[in-house]
Structures are given as structure tokens and as C-alpha cells.
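Input: a single structure, listed below in C-alpha cells.
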Amino acid sequence: MKRIIAAIVAGIALATDVNVCAGAEVQHAGGARPVGMEQRFYHCSDGFVDRICEAAEAIGEASRDFHACFKAVLGLFDVEWPDGSLSVNVKALGGVRVLNTPQNHAKIEAALNVLDTKPYMVELDCRFVEAGREALAAAGYFATNRIDGATLLSRLMARKDVKVLASPRMIGRNGDEIISKHVKRIRYPQDYGMVIDAGMSNAVLRTSAVAVEPQNFEEREVGVTVVATPTMLEDGNVDGNVRVHLEAKLVDEPEWKDFGVKAAWEGAASYDLVMEQPMFPERLSLDAYLSLNLGETVVVGGVTDSREKNEGRFVFLFVTARVTNGEGTDMTPKTRQLRSCAKDGMEVRAYDFVIFSGCLLGADEHAKQKTPEEIVKDAAKRTREWKEFWTHVIGVEWPSGSDIRYMGSFGLLWVKTTPLNFDKLEEGIKKVYGYNQLVEMDFRILEAGREALDATGYFATNRVDGATLLSRLMARDDVKLLEAPRMAVTDNSEATMKGLMLYRYPQDFNVMIGTGAEPQNFEEQEVGTIISVTPGWRSEDLLDLSIWVKFYGKPEWKNYGADAKWKKAKAYDLKMEQPFFRERVDINNRFIVKPGTTVLLGGGADAPDGRDKAVLVFMTPRSAGKSQP
């Protein structure tokens, strides 16, 4: 216990005075501190020691001693360890005490910044906004030239006919999951049963002693739920500073449909057997990876409300990312790219590969305990494979003294080579792992009649391009805008967006003579818009897009029941309704398209009861990081 207290006291002293004067008398290994060395204490993030040891093993350090691991990893960043230097893990304070020269302390601080030991706080502003077509048109949402998210939000917020549905602000540490929930839990039965007075005849009811028994309750959340995992990105090699995996959902209070019956019996009061089920309006649901510059506002959404009372109202989500320190002050994080010119004319750079961990060579494996010989051998093999990979991909050369190591625990690819080969390497990173920039896709789902299609050139022999056709259709009063979604997602990532109503309906009915029908075995069907996209760069000016668009129209209901009248009973309404779901659009294709080009994905037909109408789906992809033609 005395040793623990002494360590804490010493650590506190070091933490409050991290720049100890070189001439101060501090005991070291039983004697005075070596001349010209300083003690400094470095606060580190949680799990830092474990990550250092894992990284050391990955680069071939066989020892599990902390100082040996720390020395091996920081040695990659030109940190030297002269006689008498030392590093000690101070668990009680969550940091490392280091004794070294001032010159090496400067290198240690730079290396620790690259290793991301200082936890940045990422702040996300999320605004769910509802707007009608008139407000969107006035704000420039439908303009051919792209309107950025911040401008669109500012213009919409200035209008009185635009409503803010929710505006959660979230803050958390870099790399951690952040959750913001503002919900109510709705409980509802999965089945219903009928309870009848045991003394009654099954054929004729002489009393009102009949009731409904709700069974097998389930629970669903309504309200706003946002789950985000932000990751700081390397500055200089990617178009964006923060990558966010965002799951956002806005669900309104449910509407209720009664599957029960109404009846009146002779000698009994009329009764209403209520058997209700909730229909959940999932107004916006998003699952996507976003790459954001600090302070940049990105907009996604544009799906309409599935309820008739709110028809023509579109829902959007605006997301703004910022970075703060522990005091809440805005800050720009230091780059994780380290440039250190060595004497042999080479440079050292560290690339943030945490987001590409699923497709890296030589991923670290800890399934078994390795011997020192195996650790050294495996590290050499990984280095050789990395060199061969980049030589094959882009022709990177590896002159004498050059090296490459991957430290999976820190998500870093460490490279030492000449500036010329760095140019080739960074070009290869973009080609292999994508540009890691935000791709925006504007979708327009329109309903048009034969007359409108004919007038706009849809049936013309000469092809009318997508942008011209969309512009002509949008200018007509007899063309209905069904949906206007905008998707935003980092390239090579899948994003899914939904705006729908969740309908519940029974699969079976159990008819009970003299009482009614029990709806049973309820199922669910999503009705509205579902879009899933995965964009990838085929070249610098061509996008390869995998797209799935599904659009369900509102269901029609058919009653398979009947009006009935039992002996000695009055009229009895026996309802047994089933929904008919209209799958108006279902497109699942892959496209190669130049950013800024408007493509007609499909459409031209509708369900049999709407043959005079056609549903058309237009899409325009754009790169948020490049100018468009």
C-alpha cells in the first residue's frame, strides 16, 4: 500500500510539473538523475498500454516488458533511448513517466500525437426538419446546382412554414459510441382472445358477459434515437476530418387500427370488442457512414410522411460535426501524419488505416501465444507482404533503409521511404482504398400521367436525357412529387434510408359462433420508401453505384368478413380485413455514372389499378469534395 501511495504522490507531482528542470535532483535507480535528462509525465487514453504492447508485437518486439514495447514503438518515430533513459507505466494515474533528453521528449510528444493518445471530444449537431415542397423549392433544394447543407438549413430555418421536429446535440470521445435517445415505449398485444361467460350457450348470447383478452405484449420505442460512432481521420490524405457511423431514427406516435367487432344482442347492451393494433410512422431512418469536414453540415432525408394528414411534408436530417477539447473549446486536432526527415534523405509518415481494417494485409492475430521467434518471423513476413503489395499496385520502390509496418492496435500504417515513393504510395492508397470522400445522391420519385410523359418527350424516338426530362416533368402541375430523398455516404460504404409506415395486420381469424372473430398471428409490413446505396470510385471521374430503391404505396383493405345475424340476435358486423400492398417501384441495379449526371433509373409502369399513371425514379450523384460539371 505504501508503494502505491508513493507512486500516486510522485505521479501527481510529475503531472503538475511535467517539464522538470534538468538540474533538479530527482532520484533515479537509487541515485541522482543522469545529467541532461528530464522527467515528464504523459497522460494517455484508456487501454494505451495494451495497445502499445500489441503494436510492439506486430512490429517484431518479442518482449512483453512495457519499457521494451514503448521503446520499440517510439523508435519508429526517431526517438532515441540513451543510457539511463527510462519509461514507466503509472497505472494509478493512467499515464507514462518518461526520463529522457529534451530533444527526445519533443519527439515523444510528436509520436504520441500521431498515436492518438489524447482523446478528442467529437460534437455532433443533429436537426430533424420537416418542410413542404414550396419551402424546399424556395430554398433551392430542387436546383440543378448543388446547394450545400449549411445553406439549405439556413434558408429553411428562416421560413415560418418549416418545422424543427427534434434537435439532439451529442458529444463523446473519439472512437466511442455516442447514444442520444428521447423515446416513449409503446406496448401492444400480439394476439387477442375472447372470454365468454361459461354459463352461456355457445349458439345464443343472453347476456353481455363477453370480453377481449389481449395477449403476448411486445414493446417498441417511438421518438428520436441517434447512435453515432465518430472517428478522427488523418488530415492531408483524405477529404474529411471526421468519419461518423450514424444510425438515426425518428418515429412518431402510432396510429391505431381496430380489428375488433361491434354487436348488439337481444336482452343485452350493445358492445364494442376493441382489438387495436398500432401503425408506426417511421418518418426517417438512416444507417450510413459519413465523412465530414469539421464544421461542415451534411443533409440526408427527403422522404415524405406516410400519413394522409401530413401528405406532402418532407423530413430531413442535418448533421454538423465539431471537435472540442476537454474544456469544451473548439479545436482543430493535430494531424496523425508525421514527417521526419532522416539523415539518409528519407521521411517517416504514419497513415490512419483504422477505417480500412477489414481489407488490410497481415491483420494481427492473437488466437495463440506466440514464441519470441514466431513474433519476429511473423513481423518480417508482414513487412515483406506489404512491400510486395504496394510494388505490385503502384510501383513503389523500397531502397535500402526503407521500411513499412502496420500497427493494428492503433490503426496506423507506418512507412519510411523517399518523398518520391511517398507520392506513389499515397496515389495507391487512394486507388486501393478509395478517396474516402462523401458522395451525395439526389433521388426524385415522380408520378406522371400519359399526357405529361408525352409532352415532355418521354415517348420520343430521339432520347431525352435524364436531366432534361426531370426538369420538364418538375415544371408541370399535373406531375406529383412522391419522394425527394438525398443520400450522403462515404464511398465504398453502404447506406440505408427509410421513410415509411409500419403496418400490422393479422394472418388468421378465429371465428367464434355467437361472439365474433379473433384476429391472430399479427405480422408487419413496411410501407413507404426504402433506399440502399453503395458508391465506389471506378476512376477519378466515374462512380460505380449499387442501388436498391423500393417504394410501396399505401395499402388497400378488403373485408373478408360479413354482416351476420344470429338466432335471437340483432345485426352483427363480423370484420376480417386484409391489406393489399402496392409495390409501385422495386429497382435493384448497378450503374456506372459520371458525377453530376442525372440518370433515369427506371419506372414507367404502375399497379393495374393505376395504368394511366407511371412512377419514375431519377438519381443524380455528386461528390461533395469536388466541383461538378
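Here, A, B, ... name the chains of the C-alpha cells in the order displayed, residue numbers run from 1 inside each chain, and ligands are numbered from 1 in the same displayed order.
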Could the residues of stretch 228-323 of chain A that have an atom at most 10 Å from stretch 122-132 of chain A be listed as CSV, each with its closest atom pair and the distance in Å to one decimal, counting only C-alpha atoms and ordered by chain and ascending residue number?
residue,atom,partner,partner_atom,distance
A:Ala228,CA,A:Leu124,CA,8.6
A:Thr229,CA,A:Val122,CA,9.4
A:Pro230,CA,A:Val122,CA,6.9
A:Thr231,CA,A:Val122,CA,8.5
A:Met232,CA,A:Val122,CA,8.5
A:Val242,CA,A:Val122,CA,8.5
A:Val244,CA,A:Leu124,CA,9.5
A:Ala248,CA,A:Cys126,CA,9.2
A:Lys249,CA,A:Phe128,CA,9.7
A:Leu250,CA,A:Phe128,CA,8.1
A:Arg283,CA,A:Glu130,CA,10.0
A:Leu284,CA,A:Phe128,CA,8.9
A:Leu294,CA,A:Val122,CA,9.7
A:Gly295,CA,A:Leu124,CA,9.6
A:Thr297,CA,A:Asp125,CA,8.9
A:Val298,CA,A:Cys126,CA,9.8
A:Val299,CA,A:Arg127,CA,9.4
A:Val300,CA,A:Phe128,CA,9.8
A:Gly301,CA,A:Phe128,CA,9.2
A:Gly302,CA,A:Glu130,CA,8.9
A:Val303,CA,A:Glu130,CA,9.8
A:Thr304,CA,A:Gly132,CA,9.1
A:Asp305,CA,A:Glu130,CA,9.3
A:Asn310,CA,A:Gly132,CA,9.7
A:Glu311,CA,A:Gly132,CA,9.1
A:Gly312,CA,A:Gly132,CA,6.0
A:Arg313,CA,A:Gly132,CA,4.6
A:Phe314,CA,A:Ala131,CA,5.3
A:Val315,CA,A:Glu130,CA,4.5
A:Phe316,CA,A:Val129,CA,5.2
A:Leu317,CA,A:Phe128,CA,4.6
A:Phe318,CA,A:Arg127,CA,5.1
A:Val319,CA,A:Cys126,CA,4.7
A:Thr320,CA,A:Asp125,CA,5.0
A:Ala321,CA,A:Leu124,CA,4.7
A:Arg322,CA,A:Glu123,CA,5.0
A:Val323,CA,A:Val122,CA,4.6
Could you name the residues that touch stretch 540-555 of chain A at 7 Å or less, counting only C-alpha atoms, but leaving out those on the same chain fewer than 2 positions away, as an mmCIF file with N, CA, C and O atoms, in the first residue's frame?
data_model
loop_
_atom_site.group_PDB
_atom_site.id
_atom_site.type_symbol
_atom_site.label_atom_id
_atom_site.label_comp_id
_atom_site.auth_asym_id
_atom_site.auth_seq_id
_atom_site.Cartn_x
_atom_site.Cartn_y
_atom_site.Cartn_z
ATOM 1 N N VAL A 527 -44.248 0.175 -45.320
ATOM 2 C CA VAL A 527 -44.871 0.843 -46.465
ATOM 3 C C VAL A 527 -44.296 2.249 -46.567
ATOM 4 O O VAL A 527 -44.359 3.025 -45.606
ATOM 5 N N GLY A 528 -43.749 2.550 -47.717
ATOM 6 C CA GLY A 528 -43.127 3.849 -47.929
ATOM 7 C C GLY A 528 -41.904 3.684 -48.810
ATOM 8 O O GLY A 528 -41.934 2.944 -49.798
ATOM 9 N N THR A 529 -40.803 4.362 -48.453
ATOM 10 C CA THR A 529 -39.604 4.380 -49.282
ATOM 11 C C THR A 529 -38.428 3.742 -48.551
ATOM 12 O O THR A 529 -38.166 4.054 -47.385
ATOM 13 N N ILE A 530 -37.729 2.860 -49.253
ATOM 14 C CA ILE A 530 -36.501 2.243 -48.744
ATOM 15 C C ILE A 530 -35.440 2.390 -49.829
ATOM 16 O O ILE A 530 -35.648 1.969 -50.970
ATOM 17 N N ILE A 531 -34.310 3.009 -49.486
ATOM 18 C CA ILE A 531 -33.218 3.188 -50.442
ATOM 19 C C ILE A 531 -31.930 2.686 -49.807
ATOM 20 O O ILE A 531 -31.595 3.051 -48.681
ATOM 21 N N SER A 532 -31.213 1.844 -50.525
ATOM 22 C CA SER A 532 -29.914 1.353 -50.091
ATOM 23 C C SER A 532 -28.912 1.594 -51.214
ATOM 24 O O SER A 532 -29.168 1.204 -52.362
ATOM 25 N N VAL A 533 -27.791 2.247 -50.898
ATOM 26 C CA VAL A 533 -26.794 2.575 -51.929
ATOM 27 C C VAL A 533 -25.401 2.249 -51.418
ATOM 28 O O VAL A 533 -25.106 2.369 -50.227
ATOM 29 N N THR A 534 -24.531 1.861 -52.352
ATOM 30 C CA THR A 534 -23.109 1.652 -52.069
ATOM 31 C C THR A 534 -22.321 2.267 -53.211
ATOM 32 O O THR A 534 -22.240 1.685 -54.299
ATOM 33 N N PRO A 535 -21.759 3.462 -53.028
ATOM 34 C CA PRO A 535 -20.978 4.095 -54.097
ATOM 35 C C PRO A 535 -19.495 3.743 -53.992
ATOM 36 O O PRO A 535 -18.964 3.553 -52.890
ATOM 37 N N GLY A 536 -18.852 3.632 -55.119
ATOM 38 C CA GLY A 536 -17.410 3.406 -55.145
ATOM 39 C C GLY A 536 -16.812 4.084 -56.367
ATOM 40 O O GLY A 536 -17.459 4.182 -57.410
ATOM 41 N N TRP A 537 -15.597 4.562 -56.225
ATOM 42 C CA TRP A 537 -14.941 5.253 -57.344
ATOM 43 C C TRP A 537 -14.301 4.230 -58.272
ATOM 44 O O TRP A 537 -13.420 3.487 -57.867
ATOM 45 N N ARG A 538 -14.760 4.224 -59.514
ATOM 46 C CA ARG A 538 -14.145 3.369 -60.533
ATOM 47 C C ARG A 538 -12.890 4.031 -61.077
ATOM 48 O O ARG A 538 -11.925 3.385 -61.434
ATOM 49 N N TRP A 557 -57.594 -2.015 -48.242
ATOM 50 C CA TRP A 557 -58.097 -3.032 -47.328
ATOM 51 C C TRP A 557 -59.340 -3.713 -47.897
ATOM 52 O O TRP A 557 -60.220 -3.067 -48.433
ATOM 53 N N PRO A 579 -54.852 -6.415 -45.850
ATOM 54 C CA PRO A 579 -54.313 -5.331 -46.694
ATOM 55 C C PRO A 579 -53.755 -5.848 -48.014
ATOM 56 O O PRO A 579 -53.204 -6.947 -48.085
ATOM 57 N N PHE A 580 -53.908 -5.013 -49.068
ATOM 58 C CA PHE A 580 -53.253 -5.260 -50.357
ATOM 59 C C PHE A 580 -52.171 -4.202 -50.511
ATOM 60 O O PHE A 580 -52.459 -3.004 -50.595
ATOM 61 N N PHE A 581 -50.916 -4.624 -50.538
ATOM 62 C CA PHE A 581 -49.799 -3.689 -50.603
ATOM 63 C C PHE A 581 -49.365 -3.473 -52.051
ATOM 64 O O PHE A 581 -49.101 -4.425 -52.776
ATOM 65 N N ARG A 582 -49.264 -2.211 -52.427
ATOM 66 C CA ARG A 582 -48.885 -1.847 -53.799
ATOM 67 C C ARG A 582 -47.377 -1.588 -53.868
ATOM 68 O O ARG A 582 -46.886 -0.593 -53.361
ATOM 69 N N GLU A 583 -46.667 -2.477 -54.487
ATOM 70 C CA GLU A 583 -45.234 -2.322 -54.684
ATOM 71 C C GLU A 583 -45.028 -1.531 -55.977
ATOM 72 O O GLU A 583 -44.854 -2.089 -57.053
ATOM 73 N N ARG A 584 -45.039 -0.210 -55.862
ATOM 74 C CA ARG A 584 -45.061 0.646 -57.037
ATOM 75 C C ARG A 584 -43.705 0.687 -57.749
ATOM 76 O O ARG A 584 -43.650 0.871 -58.969
ATOM 77 N N VAL A 585 -42.609 0.563 -56.995
ATOM 78 C CA VAL A 585 -41.270 0.569 -57.592
ATOM 79 C C VAL A 585 -40.390 -0.409 -56.825
ATOM 80 O O VAL A 585 -40.400 -0.426 -55.596
ATOM 81 N N ASP A 586 -39.632 -1.207 -57.551
ATOM 82 C CA ASP A 586 -38.620 -2.074 -56.954
ATOM 83 C C ASP A 586 -37.474 -2.171 -57.957
ATOM 84 O O ASP A 586 -37.550 -2.904 -58.938
ATOM 85 N N ILE A 587 -36.415 -1.383 -57.718
ATOM 86 C CA ILE A 587 -35.274 -1.325 -58.634
ATOM 87 C C ILE A 587 -34.039 -1.779 -57.883
ATOM 88 O O ILE A 587 -33.717 -1.261 -56.815
ATOM 89 N N ASN A 588 -33.326 -2.740 -58.423
ATOM 90 C CA ASN A 588 -32.097 -3.245 -57.810
ATOM 91 C C ASN A 588 -31.076 -3.420 -58.917
ATOM 92 O O ASN A 588 -31.057 -4.437 -59.604
ATOM 93 N N ASN A 589 -30.232 -2.402 -59.107
ATOM 94 C CA ASN A 589 -29.314 -2.398 -60.233
ATOM 95 C C ASN A 589 -27.952 -1.845 -59.831
ATOM 96 O O ASN A 589 -27.774 -1.294 -58.743
ATOM 97 N N ARG A 590 -27.040 -1.945 -60.743
ATOM 98 C CA ARG A 590 -25.702 -1.375 -60.578
ATOM 99 C C ARG A 590 -25.430 -0.468 -61.774
ATOM 100 O O ARG A 590 -25.690 -0.843 -62.912
ATOM 101 N N PHE A 591 -24.898 0.732 -61.492
ATOM 102 C CA PHE A 591 -24.718 1.737 -62.534
ATOM 103 C C PHE A 591 -23.303 2.301 -62.483
ATOM 104 O O PHE A 591 -22.695 2.391 -61.418
ATOM 105 N N ILE A 592 -22.807 2.694 -63.640
ATOM 106 C CA ILE A 592 -21.561 3.455 -63.741
ATOM 107 C C ILE A 592 -21.923 4.810 -64.322
ATOM 108 O O ILE A 592 -22.505 4.901 -65.411
ATOM 109 N N VAL A 593 -21.623 5.868 -63.603
ATOM 110 C CA VAL A 593 -22.104 7.182 -63.990
ATOM 111 C C VAL A 593 -21.096 8.244 -63.593
ATOM 112 O O VAL A 593 -20.375 8.099 -62.603
ATOM 113 N N LYS A 594 -21.053 9.306 -64.358
ATOM 114 C CA LYS A 594 -20.190 10.443 -64.058
ATOM 115 C C LYS A 594 -20.898 11.339 -63.050
ATOM 116 O O LYS A 594 -22.086 11.637 -63.195
ATOM 117 N N PRO A 595 -20.206 11.785 -61.990
ATOM 118 C CA PRO A 595 -20.845 12.671 -61.012
ATOM 119 C C PRO A 595 -21.449 13.900 -61.681
ATOM 120 O O PRO A 595 -20.857 14.486 -62.594
#
Using only C-alpha atoms, which residues sit within 9 Å of A:Val274 once same-chain residues fewer than 5 positions away are excluded, as an mmCIF file with N, CA, C and O atoms, in the first residue's frame?
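Saved file result.cif follows:
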data_model
loop_
_atom_site.group_PDB
_atom_site.id
_atom_site.type_symbol
_atom_site.label_atom_id
_atom_site.label_comp_id
_atom_site.auth_asym_id
_atom_site.auth_seq_id
_atom_site.Cartn_x
_atom_site.Cartn_y
_atom_site.Cartn_z
ATOM 1 N N VAL A 212 -62.686 -9.080 -24.388
ATOM 2 C CA VAL A 212 -61.485 -9.340 -25.185
ATOM 3 C C VAL A 212 -60.287 -9.504 -24.256
ATOM 4 O O VAL A 212 -60.132 -8.751 -23.290
ATOM 5 N N ASP A 258 -58.502 -0.622 -35.573
ATOM 6 C CA ASP A 258 -59.300 -1.563 -34.788
ATOM 7 C C ASP A 258 -59.703 -2.751 -35.649
ATOM 8 O O ASP A 258 -60.412 -2.607 -36.643
ATOM 9 N N PHE A 259 -59.254 -3.951 -35.273
ATOM 10 C CA PHE A 259 -59.628 -5.178 -35.967
ATOM 11 C C PHE A 259 -60.769 -5.895 -35.230
ATOM 12 O O PHE A 259 -61.080 -7.046 -35.526
ATOM 13 N N GLY A 260 -61.380 -5.215 -34.260
ATOM 14 C CA GLY A 260 -62.437 -5.824 -33.466
ATOM 15 C C GLY A 260 -63.790 -5.777 -34.149
ATOM 16 O O GLY A 260 -63.916 -5.491 -35.343
ATOM 17 N N VAL A 261 -64.852 -6.050 -33.368
ATOM 18 C CA VAL A 261 -66.207 -6.135 -33.911
ATOM 19 C C VAL A 261 -67.167 -5.341 -33.030
ATOM 20 O O VAL A 261 -66.883 -5.054 -31.869
ATOM 21 N N LYS A 262 -68.297 -4.983 -33.634
ATOM 22 C CA LYS A 262 -69.385 -4.332 -32.894
ATOM 23 C C LYS A 262 -70.630 -5.203 -33.025
ATOM 24 O O LYS A 262 -70.910 -5.711 -34.104
#
Exercise for review: Enumerate, as a list in words, the complete set of residues in stretch 146-228 of chain A that a backbone-based DSSP assignment places in alpha helix (DSSP H).
Suggested key: Gly149, Ala150, Thr151, Leu152, Leu153, Ser154, Arg155, Leu156 and Met157 of chain A
Suppose we keep all heavy atoms; can you now write the selection as an mmCIF file, in the first residue's frame?
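Final file, selection19.cif:
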data_model
loop_
_atom_site.group_PDB
_atom_site.id
_atom_site.type_symbol
_atom_site.label_atom_id
_atom_site.label_comp_id
_atom_site.auth_asym_id
_atom_site.auth_seq_id
_atom_site.Cartn_x
_atom_site.Cartn_y
_atom_site.Cartn_z
ATOM 1 N N GLY A 149 -25.390 21.730 -47.469
ATOM 2 C CA GLY A 149 -26.275 21.519 -46.329
ATOM 3 C C GLY A 149 -26.440 22.736 -45.445
ATOM 4 O O GLY A 149 -27.545 23.037 -44.982
ATOM 5 N N ALA A 150 -25.348 23.465 -45.185
ATOM 6 C CA ALA A 150 -25.431 24.631 -44.302
ATOM 7 C C ALA A 150 -26.315 25.716 -44.903
ATOM 8 O O ALA A 150 -27.134 26.331 -44.201
ATOM 9 C CB ALA A 150 -24.031 25.183 -44.036
ATOM 10 N N THR A 151 -26.177 25.963 -46.210
ATOM 11 C CA THR A 151 -27.005 26.979 -46.876
ATOM 12 C C THR A 151 -28.467 26.571 -46.881
ATOM 13 O O THR A 151 -29.357 27.381 -46.607
ATOM 14 C CB THR A 151 -26.516 27.200 -48.323
ATOM 15 O OG1 THR A 151 -25.134 27.596 -48.300
ATOM 16 C CG2 THR A 151 -27.336 28.267 -49.021
ATOM 17 N N LEU A 152 -28.730 25.301 -47.192
ATOM 18 C CA LEU A 152 -30.104 24.819 -47.219
ATOM 19 C C LEU A 152 -30.742 24.930 -45.832
ATOM 20 O O LEU A 152 -31.885 25.390 -45.706
ATOM 21 C CB LEU A 152 -30.133 23.369 -47.700
ATOM 22 C CG LEU A 152 -31.505 22.705 -47.767
ATOM 23 C CD1 LEU A 152 -32.404 23.434 -48.760
ATOM 24 C CD2 LEU A 152 -31.379 21.226 -48.166
ATOM 25 N N LEU A 153 -30.007 24.538 -44.791
ATOM 26 C CA LEU A 153 -30.544 24.619 -43.436
ATOM 27 C C LEU A 153 -30.844 26.066 -43.057
ATOM 28 O O LEU A 153 -31.904 26.362 -42.484
ATOM 29 C CB LEU A 153 -29.552 24.012 -42.445
ATOM 30 C CG LEU A 153 -29.921 24.106 -40.966
ATOM 31 C CD1 LEU A 153 -31.230 23.369 -40.691
ATOM 32 C CD2 LEU A 153 -28.804 23.551 -40.094
ATOM 33 N N SER A 154 -29.940 26.975 -43.373
ATOM 34 C CA SER A 154 -30.140 28.390 -43.039
ATOM 35 C C SER A 154 -31.376 28.956 -43.722
ATOM 36 O O SER A 154 -32.175 29.669 -43.100
ATOM 37 C CB SER A 154 -28.893 29.190 -43.442
ATOM 38 O OG SER A 154 -29.074 30.560 -43.198
ATOM 39 N N ARG A 155 -31.565 28.620 -44.995
ATOM 40 C CA ARG A 155 -32.722 29.129 -45.738
ATOM 41 C C ARG A 155 -34.029 28.541 -45.211
ATOM 42 O O ARG A 155 -35.039 29.247 -45.116
ATOM 43 C CB ARG A 155 -32.556 28.820 -47.225
ATOM 44 C CG ARG A 155 -31.423 29.589 -47.901
ATOM 45 C CD ARG A 155 -31.263 29.176 -49.353
ATOM 46 N NE ARG A 155 -30.184 29.899 -50.004
ATOM 47 C CZ ARG A 155 -29.800 29.705 -51.275
ATOM 48 N NH1 ARG A 155 -30.405 28.766 -52.008
ATOM 49 N NH2 ARG A 155 -28.813 30.407 -51.780
ATOM 50 N N LEU A 156 -34.006 27.258 -44.879
ATOM 51 C CA LEU A 156 -35.227 26.626 -44.366
ATOM 52 C C LEU A 156 -35.584 27.160 -42.983
ATOM 53 O O LEU A 156 -36.762 27.402 -42.683
ATOM 54 C CB LEU A 156 -35.054 25.110 -44.313
ATOM 55 C CG LEU A 156 -35.018 24.366 -45.652
ATOM 56 C CD1 LEU A 156 -34.726 22.891 -45.437
ATOM 57 C CD2 LEU A 156 -36.330 24.539 -46.419
ATOM 58 N N MET A 157 -34.583 27.345 -42.125
ATOM 59 C CA MET A 157 -34.848 27.810 -40.770
ATOM 60 C C MET A 157 -35.395 29.227 -40.743
ATOM 61 O O MET A 157 -36.026 29.647 -39.765
ATOM 62 C CB MET A 157 -33.565 27.735 -39.935
ATOM 63 C CG MET A 157 -33.082 26.320 -39.665
ATOM 64 S SD MET A 157 -34.217 25.354 -38.632
ATOM 65 C CE MET A 157 -33.929 26.128 -37.051
#
Check your understanding: So which one's closest to A:Leu273, A:Ile59, A:Glu374, A:Leu413, A:Glu518? Using only C-alpha atoms, please.
Key ->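 Looking at the shortest contact to A:Leu273, the residue is A:Glu518.
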